[in-house]
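Novice: The structure that follows is given in the form of structure tokens.
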Amino acid sequence: MEPAEPFVHPALLYGDTREYLAGTVPFVRAALAADEPVAVAVPGENLRLIQDELGTDGADVRWLDMREAGRNPGRIIPGVLRAFADAQPPGRRVHIIGEPVWAGRSPVEYPACAQHEALINAAFRGREVTILCPYDTARLDERALADAYATHPVVIPAGSGAEHPSAAYDPDGVVARYNEPLPPAPGAGPDVLQVAFDEDSLSAVRHLATDHGARLGLSGLALENLALITAELTTNSVVHGGGTGVLTVWPEDGYVLCEVRDKGRLTDPLAGRRPASRDQRGGRGLLMVNLLADLVRTHTGAEGTTIRCHLRR
């Protein structure tokens, strides 16, 4: 008989505050009673609900507001989940409540959320970790709830308290389904910078992007992040994407968007989502991009790869 997979990843469906607390607070208390590490990374309003219910019993819990820590879904595995799990001593199960999908997520963000939930299963396979993911049945749409069944091997229906295997579990299918072409970037206009690049023009293109970002209203850390993201993506295109690419920078809905297209193809869905080891040389570019950007959307296929980053102005 095959041994049970040590990684546990249930979706908790809840319809109101009572069901939310009934599913999350006992999870935290059980971890604390077992003297095992526990983190709670959920939107701020839900974070406060759990904190208020636990009171002083929550002193040893790692608390994170997912609206900030996980604004970019591509940042959650390396910057939230693995950051906590990897810091714990061996020999004890790690417990995390992670709520990356909430009703305020925009349609632009949601595909990255669904892919993130699917990729958790590969990122933690074989690890002694339990990640409980709450889903609000009263406010999330049918697509998000259906995807919860597809990205979690077990589901806890609202009000039941019992885990049930998900017959719809298909994380690889979710990753592939949301690898969808991005809406075309604007091709021309006074607010649009579009420039082809190769190995000889990397420095010049980075300066062009930074100057344009400043004209669009970026400053301080956000402008520095644009410079770093541009450098990493364009260098990645030269090294891994056929030697050339096209950079586009433009404003949209309160953000500055930075997109790089090239002829390469990403074959590793977890690229940019694995924390870098201390002795690792290279291979940190996409990870840095995920950690710096407010949102990263990617489309890859036989024709090439597009990576689009959003930075709040």
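As shown in the structure tokens, the chain order sets the letters A, B, ...; within each chain, residues go from 1, and ligands are also counted from 1 in the order they appear.
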Name the residues in contact with A:Arg139 at a cut-off of 9 Å, using only C-alpha atoms, excluding same-chain residues fewer than 6 positions from it; report them as a VMD selection string.

Specialist: chain A and resid 15 102 to 103

Novice: Tell me which protein, DNA and RNA residues are within 8 Å of A:Gly70, counting only C-alpha atoms, leaving out same-chain ones fewer than 5 positions away, and put them as a list in words.

Specialist: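 Here the answer would be Asp65, Arg75, Ile76, Val80 and Pro100 of chain A.
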
Novice: Give me the residues near A:Phe7 as a list of chain:residue names, where near means some atom within 7 Å (using only C-alpha atoms) and where sequence neighbours in that chain fewer than 2 positions away do not count.

Specialist: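 Returned residues: A:Glu5, A:His9, A:Phe124, A:Arg125, A:Gly126, A:Arg127, A:Glu128, A:Val129, A:Thr130.
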
Novice: How about saving the chosen residues, N, CA, C and O atoms kept, as an mmCIF file, in the first residue's frame?

Specialist:
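Written output follows (part-v1.cif):
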```cif
data_model
loop_
_atom_site.group_PDB
_atom_site.id
_atom_site.type_symbol
_atom_site.label_atom_id
_atom_site.label_comp_id
_atom_site.auth_asym_id
_atom_site.auth_seq_id
_atom_site.Cartn_x
_atom_site.Cartn_y
_atom_site.Cartn_z
ATOM 1 N N GLU A 5 0.463 10.736 1.391
ATOM 2 C CA GLU A 5 1.243 11.939 1.116
ATOM 3 C C GLU A 5 1.290 12.790 2.379
ATOM 4 O O GLU A 5 0.249 13.129 2.961
ATOM 5 N N HIS A 9 -3.566 19.549 2.056
ATOM 6 C CA HIS A 9 -3.955 20.833 1.461
ATOM 7 C C HIS A 9 -5.478 20.892 1.281
ATOM 8 O O HIS A 9 -6.002 20.766 0.178
ATOM 9 N N PHE A 124 5.025 21.761 -2.296
ATOM 10 C CA PHE A 124 5.135 21.174 -0.959
ATOM 11 C C PHE A 124 5.031 19.655 -0.959
ATOM 12 O O PHE A 124 4.965 19.044 0.108
ATOM 13 N N ARG A 125 5.039 19.046 -2.130
ATOM 14 C CA ARG A 125 4.921 17.587 -2.186
ATOM 15 C C ARG A 125 6.012 16.926 -1.337
ATOM 16 O O ARG A 125 7.191 17.272 -1.428
ATOM 17 N N GLY A 126 5.602 16.006 -0.480
ATOM 18 C CA GLY A 126 6.552 15.295 0.369
ATOM 19 C C GLY A 126 6.903 15.995 1.664
ATOM 20 O O GLY A 126 7.650 15.438 2.481
ATOM 21 N N ARG A 127 6.378 17.199 1.888
ATOM 22 C CA ARG A 127 6.697 17.960 3.100
ATOM 23 C C ARG A 127 5.661 17.695 4.197
ATOM 24 O O ARG A 127 4.468 17.501 3.923
ATOM 25 N N GLU A 128 6.115 17.724 5.459
ATOM 26 C CA GLU A 128 5.216 17.587 6.607
ATOM 27 C C GLU A 128 4.588 18.956 6.894
ATOM 28 O O GLU A 128 4.932 19.653 7.843
ATOM 29 N N VAL A 129 3.667 19.339 6.018
ATOM 30 C CA VAL A 129 3.034 20.658 6.081
ATOM 31 C C VAL A 129 1.545 20.503 5.808
ATOM 32 O O VAL A 129 1.137 19.707 4.946
ATOM 33 N N THR A 130 0.734 21.242 6.533
ATOM 34 C CA THR A 130 -0.702 21.344 6.259
ATOM 35 C C THR A 130 -1.023 22.799 5.958
ATOM 36 O O THR A 130 -0.698 23.684 6.764
#
```

Novice: Find, counting only C-alpha atoms, the residue in A:Leu247, A:Thr210, A:Pro275, A:Thr151 that gets nearest to A:Ala122.

Specialist: A:Thr151

Novice: Which residues are close to A:Leu287, i.e. within 9 Å by only C-alpha atoms, leaving aside same-chain residues fewer than 4 positions away? Reply as a PDB file with N, CA and C atoms, in the first residue's frame.

Specialist:
```pdb
ATOM      1  N   GLY A  74       2.115  35.314  -7.122  1.00  0.00           N
ATOM      2  CA  GLY A  74       3.374  34.660  -7.404  1.00  0.00           C
ATOM      3  C   GLY A  74       4.395  34.800  -6.289  1.00  0.00           C
ATOM      4  N   ARG A  75       4.140  35.690  -5.351  1.00  0.00           N
ATOM      5  CA  ARG A  75       5.036  35.920  -4.211  1.00  0.00           C
ATOM      6  C   ARG A  75       4.713  35.004  -3.037  1.00  0.00           C
ATOM      7  N   PRO A  78       7.073  31.517  -2.303  1.00  0.00           N
ATOM      8  CA  PRO A  78       8.415  31.775  -1.760  1.00  0.00           C
ATOM      9  C   PRO A  78       8.434  32.740  -0.590  1.00  0.00           C
ATOM     10  N   ALA A 271       8.970  28.037 -11.769  1.00  0.00           N
ATOM     11  CA  ALA A 271      10.057  29.002 -11.966  1.00  0.00           C
ATOM     12  C   ALA A 271       9.686  30.333 -11.314  1.00  0.00           C
ATOM     13  N   GLY A 272      10.583  30.865 -10.499  1.00  0.00           N
ATOM     14  CA  GLY A 272      10.327  32.122  -9.801  1.00  0.00           C
ATOM     15  C   GLY A 272       9.549  31.975  -8.516  1.00  0.00           C
ATOM     16  N   ARG A 273       9.184  30.742  -8.146  1.00  0.00           N
ATOM     17  CA  ARG A 273       8.402  30.519  -6.923  1.00  0.00           C
ATOM     18  C   ARG A 273       9.154  29.685  -5.897  1.00  0.00           C
ATOM     19  N   ARG A 274      10.376  29.280  -6.207  1.00  0.00           N
ATOM     20  CA  ARG A 274      11.180  28.532  -5.250  1.00  0.00           C
ATOM     21  C   ARG A 274      12.148  29.499  -4.563  1.00  0.00           C
ATOM     22  N   PRO A 275      12.216  29.470  -3.229  1.00  0.00           N
ATOM     23  CA  PRO A 275      13.224  30.301  -2.560  1.00  0.00           C
ATOM     24  C   PRO A 275      14.622  29.886  -3.007  1.00  0.00           C
ATOM     25  N   ALA A 276      15.504  30.845  -3.134  1.00  0.00           N
ATOM     26  CA  ALA A 276      16.866  30.541  -3.542  1.00  0.00           C
ATOM     27  C   ALA A 276      17.647  29.998  -2.356  1.00  0.00           C
ATOM     28  N   GLY A 283      19.825  32.095 -11.386  1.00  0.00           N
ATOM     29  CA  GLY A 283      18.487  31.543 -11.285  1.00  0.00           C
ATOM     30  C   GLY A 283      17.560  32.263 -10.335  1.00  0.00           C
ATOM     31  N   LEU A 291       8.923  38.804  -6.121  1.00  0.00           N
ATOM     32  CA  LEU A 291       8.989  39.436  -4.811  1.00  0.00           C
ATOM     33  C   LEU A 291       8.821  40.951  -4.882  1.00  0.00           C
ATOM     34  N   LEU A 292       9.149  41.567  -6.023  1.00  0.00           N
ATOM     35  CA  LEU A 292       9.105  43.020  -6.152  1.00  0.00           C
ATOM     36  C   LEU A 292       7.802  43.552  -6.727  1.00  0.00           C
TER      37      LEU A 292
END
```

Novice: In terms of the shortest atom-to-atom distance over only C-alpha atoms, which of A:Pro269, A:Pro37, A:Pro165, A:Gly58 is closest to A:Leu119?

Specialist: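 That would be A:Pro269, the residue with the smallest distance to A:Leu119.
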
Novice: Can you tell me, as number ranges by chain, what residues are no more than 8 Å from A:Glu199 when counting only C-alpha atoms, ignoring any on the same chain fewer than 6 positions away?

Specialist: A: 235, 238, 243-244

Novice: Nearest residue to A:Gly187 out of A:Leu49, A:Ala33, A:Ala144, A:Val246, using only C-alpha atoms?

Specialist: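 Going through A:Leu49, A:Ala33, A:Ala144, A:Val246 one by one, the smallest distance to A:Gly187 is for A:Val246.
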
Novice: List as a tab-separated table (two decimals) with N, CA, C and O atoms, in the first residue's frame the protein and nucleic acid residues near A:Val249, meaning an atom at most 10 Å away when only C-alpha atoms are counted, but skip any in the same chain fewer than 4 places from it.

Specialist:
```
chain	number	residue	atom	x	y	z
A	185	ALA	N	-0.68	44.47	-25.31
A	185	ALA	CA	-0.17	45.74	-24.80
A	185	ALA	C	-0.44	46.82	-25.85
A	185	ALA	O	-0.49	46.53	-27.05
A	186	PRO	N	-0.65	48.07	-25.42
A	186	PRO	CA	-0.83	49.13	-26.40
A	186	PRO	C	0.41	49.28	-27.27
A	186	PRO	O	1.53	49.17	-26.79
A	191	ASP	N	2.18	57.78	-23.87
A	191	ASP	CA	2.46	57.17	-22.58
A	191	ASP	C	3.05	55.77	-22.71
A	191	ASP	O	3.23	55.08	-21.70
A	192	VAL	N	3.32	55.35	-23.93
A	192	VAL	CA	3.78	53.98	-24.16
A	192	VAL	C	5.23	53.98	-24.61
A	192	VAL	O	5.60	54.67	-25.57
A	193	LEU	N	6.05	53.21	-23.91
A	193	LEU	CA	7.42	52.96	-24.34
A	193	LEU	C	7.47	51.53	-24.87
A	193	LEU	O	7.14	50.58	-24.14
A	194	GLN	N	7.88	51.35	-26.10
A	194	GLN	CA	8.05	50.01	-26.66
A	194	GLN	C	9.37	49.98	-27.42
A	194	GLN	O	9.60	50.80	-28.31
A	195	VAL	N	10.23	49.03	-27.05
A	195	VAL	CA	11.56	49.00	-27.64
A	195	VAL	C	12.06	47.56	-27.70
A	195	VAL	O	11.87	46.79	-26.76
A	208	LEU	N	15.96	53.55	-20.22
A	208	LEU	CA	14.75	54.02	-20.89
A	208	LEU	C	13.51	53.68	-20.08
A	208	LEU	O	12.61	54.52	-19.91
A	209	ALA	N	13.45	52.45	-19.57
A	209	ALA	CA	12.30	52.04	-18.79
A	209	ALA	C	12.18	52.85	-17.50
A	209	ALA	O	11.07	53.28	-17.12
A	210	THR	N	13.30	53.08	-16.84
A	210	THR	CA	13.27	53.84	-15.59
A	210	THR	C	12.86	55.28	-15.83
A	210	THR	O	12.03	55.84	-15.08
A	212	HIS	N	11.03	56.38	-18.27
A	212	HIS	CA	9.61	56.40	-18.65
A	212	HIS	C	8.74	56.16	-17.42
A	212	HIS	O	7.69	56.81	-17.25
A	213	GLY	N	9.15	55.24	-16.54
A	213	GLY	CA	8.39	55.00	-15.32
A	213	GLY	C	8.29	56.24	-14.46
A	213	GLY	O	7.24	56.51	-13.87
A	216	LEU	N	5.71	58.48	-15.75
A	216	LEU	CA	4.36	57.95	-15.51
A	216	LEU	C	3.96	58.03	-14.04
A	216	LEU	O	2.85	57.64	-13.69
A	226	LEU	N	11.07	48.91	-10.61
A	226	LEU	CA	10.92	48.86	-12.06
A	226	LEU	C	12.27	48.64	-12.73
A	226	LEU	O	12.39	47.83	-13.67
A	230	THR	N	13.02	45.29	-14.86
A	230	THR	CA	13.41	45.41	-16.26
A	230	THR	C	14.74	44.72	-16.52
A	230	THR	O	14.89	43.98	-17.50
A	256	VAL	N	1.75	51.09	-13.22
A	256	VAL	CA	2.64	51.08	-14.37
A	256	VAL	C	2.93	49.63	-14.71
A	256	VAL	O	3.32	48.85	-13.83
A	257	LEU	N	2.69	49.26	-15.96
A	257	LEU	CA	2.89	47.89	-16.40
A	257	LEU	C	4.19	47.78	-17.19
A	257	LEU	O	4.49	48.65	-18.02
A	258	CYS	N	4.94	46.74	-16.91
A	258	CYS	CA	6.20	46.47	-17.59
A	258	CYS	C	6.11	45.07	-18.17
A	258	CYS	O	5.95	44.10	-17.41
A	259	GLU	N	6.18	44.96	-19.48
A	259	GLU	CA	6.03	43.66	-20.14
A	259	GLU	C	7.26	43.36	-20.99
A	259	GLU	O	7.78	44.23	-21.69
A	260	VAL	N	7.70	42.10	-20.94
A	260	VAL	CA	8.78	41.64	-21.79
A	260	VAL	C	8.30	40.40	-22.55
A	260	VAL	O	7.80	39.45	-21.94
A	308	ARG	N	4.30	39.95	-17.70
A	308	ARG	CA	3.78	41.29	-17.49
A	308	ARG	C	3.70	41.58	-15.99
A	308	ARG	O	3.07	40.85	-15.24
A	309	CYS	N	4.35	42.65	-15.58
A	309	CYS	CA	4.42	43.03	-14.16
A	309	CYS	C	3.65	44.33	-13.93
A	309	CYS	O	3.72	45.26	-14.73
A	310	HIS	N	2.96	44.40	-12.80
A	310	HIS	CA	2.20	45.58	-12.40
A	310	HIS	C	2.85	46.20	-11.18
A	310	HIS	O	3.16	45.52	-10.20
```

Novice: I need the residues in stretch 20-265 of chain A that are strand (DSSP E) according to DSSP; give them as a ChimeraX atom specification.

Specialist: /A:38-42,62-65,94-98,129-136,154-156,164-165,193-198,244-252,255-262

Novice: Per DSSP on the backbone, what are the helix (DSSP H, G or I) residues of stretch 27-73 of chain A, as a VMD selection string?

Specialist: chain A and resid 27 to 33 44 to 60 66 to 69 73

Novice: Atom CA of A:Ala162 to atom CA of A:Asp147: how many Å, to one decimal?

Specialist: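 Separating atom CA of A:Ala162 from atom CA of A:Asp147 is a distance of 19.3 Å.
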
Novice: My list of candidates is A:Ala69, A:Leu13, A:Val205, A:Val28. Which is closest to A:Ile50 when distances are computed with only C-alpha atoms?

Specialist: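 Closest residue, counting only C-alpha atoms: A:Val28.
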
Novice: By how many Å are atom CA of A:Arg67 and atom CA of A:Ala138 apart?

Specialist: 19.3 Å

Novice: Using only C-alpha atoms, pick whichever of A:Asn179, A:Thr306, A:Ser203, A:Ser237 has the shortest atom-to-atom distance to A:Gln115.

Specialist: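 That would be A:Asn179, the residue with the smallest distance to A:Gln115.
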